[in-house]
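The next block holds one structure in the form of structure tokens; read it before the comments.
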Amino acid sequence: MSRMGQMTVCKKPYGGWPNCYWLTNGRLELVVTTDVGPRIIRFGFVGEANVLREYPKLLGRSGGAEWLIYGGHRLWEAPEDPARTYQPDNAPVVAAQQGQTLAVTQAADQVTQTEKSIELRFGSAGQVVVTHRLTNRSHAPVQLAPWAITVMDEGGVAIVPLPPRGVHPESLSASSILTLWPYTDLSDSRWTWGQRYILLRQTPSATLPQKIGASIPDGWAAYANGGSLLVKTFRRETGACYPDMGANVEVFTNDTMLEVETLGPLEHVAPGEAAEHTEEWFLFRDVPDPRSDDEVDRFVLPRVQEALNLSRSR
């Protein structure tokens, strides 16, 4: 992967939204909406396909009191709550560039009084550094966690690593957690339960949603689709409390998309203070969609190790 950290920014339309910011380092390209958001609506190699899901009927829409998925990448507030989480992001947001960083900020809404901001820059290894920030604009402390949700295009497979395995009777202590939702069906054929990895396939013909959460100390999750591989790296804080019974990684799918989600720890955020959570995005070519642990080890893990090494060296 070439070492490129310089960012070029231009403002031009995308998908019917007139005020979008296009960011590139010459290899990767992102499009950020400001007519709604904050949203990263496009991510991919320059001039090539968008690896994120778009909803053509929603492109260019704005306004209204109903939350709309739009697609792309968004920032939510965890834990999930109908009254707080699904506040619409249908109004214009403010973009501000400072040097090699672009920040896109949504003003605090009247219900949550939480300001949402996504900050973008390119790392020296050519990756995208995405910082998510929730700022408490109310007059009282609030408990929350940043929730980074990347909506991937249909037809691929999510890869979630399991913590290091052991053998009985040498390994007698519980080592990790798996969070299930009431609608989670472990017998669904979209799941592959390996010894070292969990795989979840996005299948357009499968209409029932599926979701799990997990405590992942390894600091990565990935999505492979048609030769491209997105690797998201992040840090898990040892000893911190995470939402959803301790999950810092979650994957969700339905018949239109698959979400690769990471979460920051739950924090009591004082008025005027903020909770932050950072991901680094690496995109690779020519990686087959894995169907087993062995194929993850063969095709995906070398790219993950490259991403982790580059992330740790910054």
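Each chain in the structure tokens gets a letter, A, B, ..., in the order shown, and its residues are numbered from 1; ligands are numbered from 1 in order too.
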
Worksheet item: In segment 116-254 of chain A, what's strand (DSSP E or B) per DSSP? Answer as number ranges by chain?
Response: A: 116-122, 128-136, 142-152, 157-161, 178-180, 191-193, 197-201, 210-214, 220-225, 227-233, 249-253

Discussion item. I'd like the neighbourhood of Pro243 of chain A as an MDAnalysis selection string, where a residue qualifies if any of its atoms comes within 12 Å (using only C-alpha atoms), though same-chain residues fewer than 4 positions away should be ignored.
Written reply: chainID A and resid 77:81 143:147 179 213:215 247:250 262:267

Selected residues written out with N, CA and C atoms, as a compact mmCIF listing (two decimals), in the first residue's frame:
# COMPACT_ATOMS: atom_id res chain seq x y z
N GLU A 77 -25.70 7.27 18.31
CA GLU A 77 -25.46 7.28 19.75
C GLU A 77 -25.95 5.97 20.34
N ALA A 78 -25.08 5.26 21.02
CA ALA A 78 -25.45 4.00 21.68
C ALA A 78 -25.61 4.25 23.18
N PRO A 79 -26.42 3.39 23.85
CA PRO A 79 -27.15 2.23 23.33
C PRO A 79 -28.37 2.64 22.51
N GLU A 80 -28.82 1.71 21.65
CA GLU A 80 -29.92 2.00 20.75
C GLU A 80 -31.20 2.24 21.53
N ASP A 81 -31.85 3.35 21.19
CA ASP A 81 -33.07 3.74 21.88
C ASP A 81 -33.95 4.48 20.86
N GLN A 143 -25.03 9.52 29.73
CA GLN A 143 -24.23 8.33 29.43
C GLN A 143 -24.48 7.91 27.99
N LEU A 144 -23.41 7.78 27.22
CA LEU A 144 -23.53 7.41 25.81
C LEU A 144 -22.23 6.82 25.31
N ALA A 145 -22.30 6.29 24.10
CA ALA A 145 -21.10 5.76 23.44
C ALA A 145 -21.20 6.07 21.95
N PRO A 146 -20.12 6.47 21.31
CA PRO A 146 -20.14 6.64 19.85
C PRO A 146 -20.30 5.29 19.16
N TRP A 147 -21.09 5.30 18.11
CA TRP A 147 -21.45 4.07 17.40
C TRP A 147 -21.22 4.33 15.91
N THR A 179 -23.15 -11.33 22.00
CA THR A 179 -24.44 -10.72 22.30
C THR A 179 -25.44 -11.08 21.22
N GLY A 213 -23.44 -9.17 18.42
CA GLY A 213 -22.39 -8.30 18.92
C GLY A 213 -21.33 -9.16 19.58
N ALA A 214 -20.12 -8.65 19.68
CA ALA A 214 -19.03 -9.42 20.27
C ALA A 214 -18.02 -8.48 20.90
N SER A 215 -17.29 -9.02 21.85
CA SER A 215 -16.17 -8.32 22.46
C SER A 215 -14.90 -8.75 21.72
N ALA A 247 -20.35 -5.37 23.97
CA ALA A 247 -19.94 -5.51 22.56
C ALA A 247 -19.23 -4.25 22.08
N ASN A 248 -18.10 -4.43 21.41
CA ASN A 248 -17.45 -3.31 20.72
C ASN A 248 -17.46 -3.49 19.20
N VAL A 249 -17.96 -4.64 18.73
CA VAL A 249 -18.18 -4.89 17.32
C VAL A 249 -19.55 -5.52 17.15
N GLU A 250 -20.29 -5.04 16.15
CA GLU A 250 -21.60 -5.63 15.83
C GLU A 250 -21.74 -5.72 14.32
N THR A 262 -18.70 -0.57 14.78
CA THR A 262 -17.83 -0.60 15.95
C THR A 262 -18.32 0.46 16.94
N LEU A 263 -18.02 0.23 18.21
CA LEU A 263 -18.51 1.11 19.26
C LEU A 263 -17.38 1.53 20.19
N GLY A 264 -17.48 2.77 20.68
CA GLY A 264 -16.61 3.21 21.74
C GLY A 264 -17.20 2.81 23.08
N PRO A 265 -16.45 2.99 24.16
CA PRO A 265 -16.97 2.65 25.48
C PRO A 265 -18.05 3.60 25.94
N LEU A 266 -18.92 3.10 26.83
CA LEU A 266 -19.92 3.96 27.46
C LEU A 266 -19.22 4.93 28.39
N GLU A 267 -19.60 6.19 28.30
CA GLU A 267 -19.00 7.22 29.13
C GLU A 267 -20.09 8.12 29.71

Fill in: Long-range neighbours of Thr184 of chain A as a ChimeraX atom specification, 7 Å cut-off, only C-alpha atoms, 3 positions minimum in chain
/A:180-181,210-211

Only C-alpha atoms, please: the residues just picked out, written as a PDB file, in the first residue's frame.
ATOM      1  CA  LEU A 180     -27.676 -11.911  20.716  1.00  0.00           C
ATOM      2  CA  TRP A 181     -30.846  -9.998  19.871  1.00  0.00           C
ATOM      3  CA  GLN A 210     -29.766 -10.958  11.639  1.00  0.00           C
ATOM      4  CA  LYS A 211     -27.418  -9.406  14.184  1.00  0.00           C
TER       5      LYS A 211
END

Worksheet item: Got a sec: who's within 7 Å of segment 219-236 of chain A, counting only C-alpha atoms, leaving out chain neighbours fewer than 4 positions off, as a PyMOL selection string?
Response: chain A and resi 155-161+278-289+304+308

Given the selection you just returned, output its residues as a file containing N, CA and C atoms, formatted as a compact mmCIF listing (two decimals), in the first residue's frame.
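New file out26.txt:
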# COMPACT_ATOMS: atom_id res chain seq x y z
N GLY A 155 -24.32 -8.49 -1.11
CA GLY A 155 -23.64 -9.60 -1.76
C GLY A 155 -22.33 -10.04 -1.18
N GLY A 156 -21.84 -9.36 -0.12
CA GLY A 156 -20.55 -9.70 0.45
C GLY A 156 -20.64 -10.50 1.73
N VAL A 157 -19.52 -10.55 2.46
CA VAL A 157 -19.48 -11.31 3.70
C VAL A 157 -18.67 -10.52 4.73
N ALA A 158 -19.22 -10.40 5.93
CA ALA A 158 -18.52 -9.77 7.04
C ALA A 158 -17.68 -10.79 7.77
N ILE A 159 -16.51 -10.35 8.25
CA ILE A 159 -15.59 -11.22 8.97
C ILE A 159 -15.35 -10.62 10.35
N VAL A 160 -15.67 -11.39 11.40
CA VAL A 160 -15.46 -10.96 12.77
C VAL A 160 -14.51 -11.94 13.43
N PRO A 161 -13.34 -11.49 13.89
CA PRO A 161 -12.39 -12.43 14.51
C PRO A 161 -12.80 -12.79 15.93
N THR A 278 -12.39 6.36 17.18
CA THR A 278 -11.70 6.46 15.89
C THR A 278 -11.57 5.10 15.23
N GLU A 279 -11.87 5.08 13.94
CA GLU A 279 -11.61 3.93 13.08
C GLU A 279 -10.58 4.32 12.03
N GLU A 280 -9.85 3.34 11.52
CA GLU A 280 -9.02 3.52 10.34
C GLU A 280 -9.49 2.54 9.28
N TRP A 281 -9.70 3.05 8.06
CA TRP A 281 -10.22 2.25 6.97
C TRP A 281 -9.11 1.95 5.96
N PHE A 282 -8.98 0.66 5.65
CA PHE A 282 -8.04 0.19 4.64
C PHE A 282 -8.85 -0.54 3.57
N LEU A 283 -8.55 -0.29 2.31
CA LEU A 283 -9.25 -0.93 1.22
C LEU A 283 -8.24 -1.66 0.33
N PHE A 284 -8.54 -2.95 0.07
CA PHE A 284 -7.63 -3.79 -0.71
C PHE A 284 -8.36 -4.37 -1.91
N ARG A 285 -7.61 -4.64 -2.95
CA ARG A 285 -8.12 -5.30 -4.16
C ARG A 285 -7.80 -6.79 -4.15
N ASP A 286 -8.51 -7.51 -5.02
CA ASP A 286 -8.17 -8.90 -5.36
C ASP A 286 -8.16 -9.82 -4.14
N VAL A 287 -9.17 -9.69 -3.30
CA VAL A 287 -9.33 -10.56 -2.14
C VAL A 287 -10.63 -11.35 -2.30
N PRO A 288 -10.58 -12.65 -2.47
CA PRO A 288 -11.81 -13.44 -2.64
C PRO A 288 -12.67 -13.42 -1.38
N ASP A 289 -13.97 -13.55 -1.56
CA ASP A 289 -14.87 -13.65 -0.42
C ASP A 289 -14.61 -14.99 0.30
N VAL A 304 -5.21 -7.99 6.72
CA VAL A 304 -5.51 -7.46 8.05
C VAL A 304 -4.22 -7.17 8.82
N LEU A 308 -3.13 -3.64 10.36
CA LEU A 308 -2.84 -3.45 11.78
C LEU A 308 -1.42 -2.91 11.99

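With distances restricted to only C-alpha atoms, A:Thr34 is the closest residue to Pro92 of chain A from A:Ser117, A:Thr34, A:Thr150, A:Gln110.
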
Item to complete: Might you pull out every residue within 7 Å of Leu30 of chain A, with only C-alpha atoms counted and same-chain residues fewer than 4 positions away left off, and present them as a PyMOL selection string?
Response: chain A and resi 22-24+40+42-44
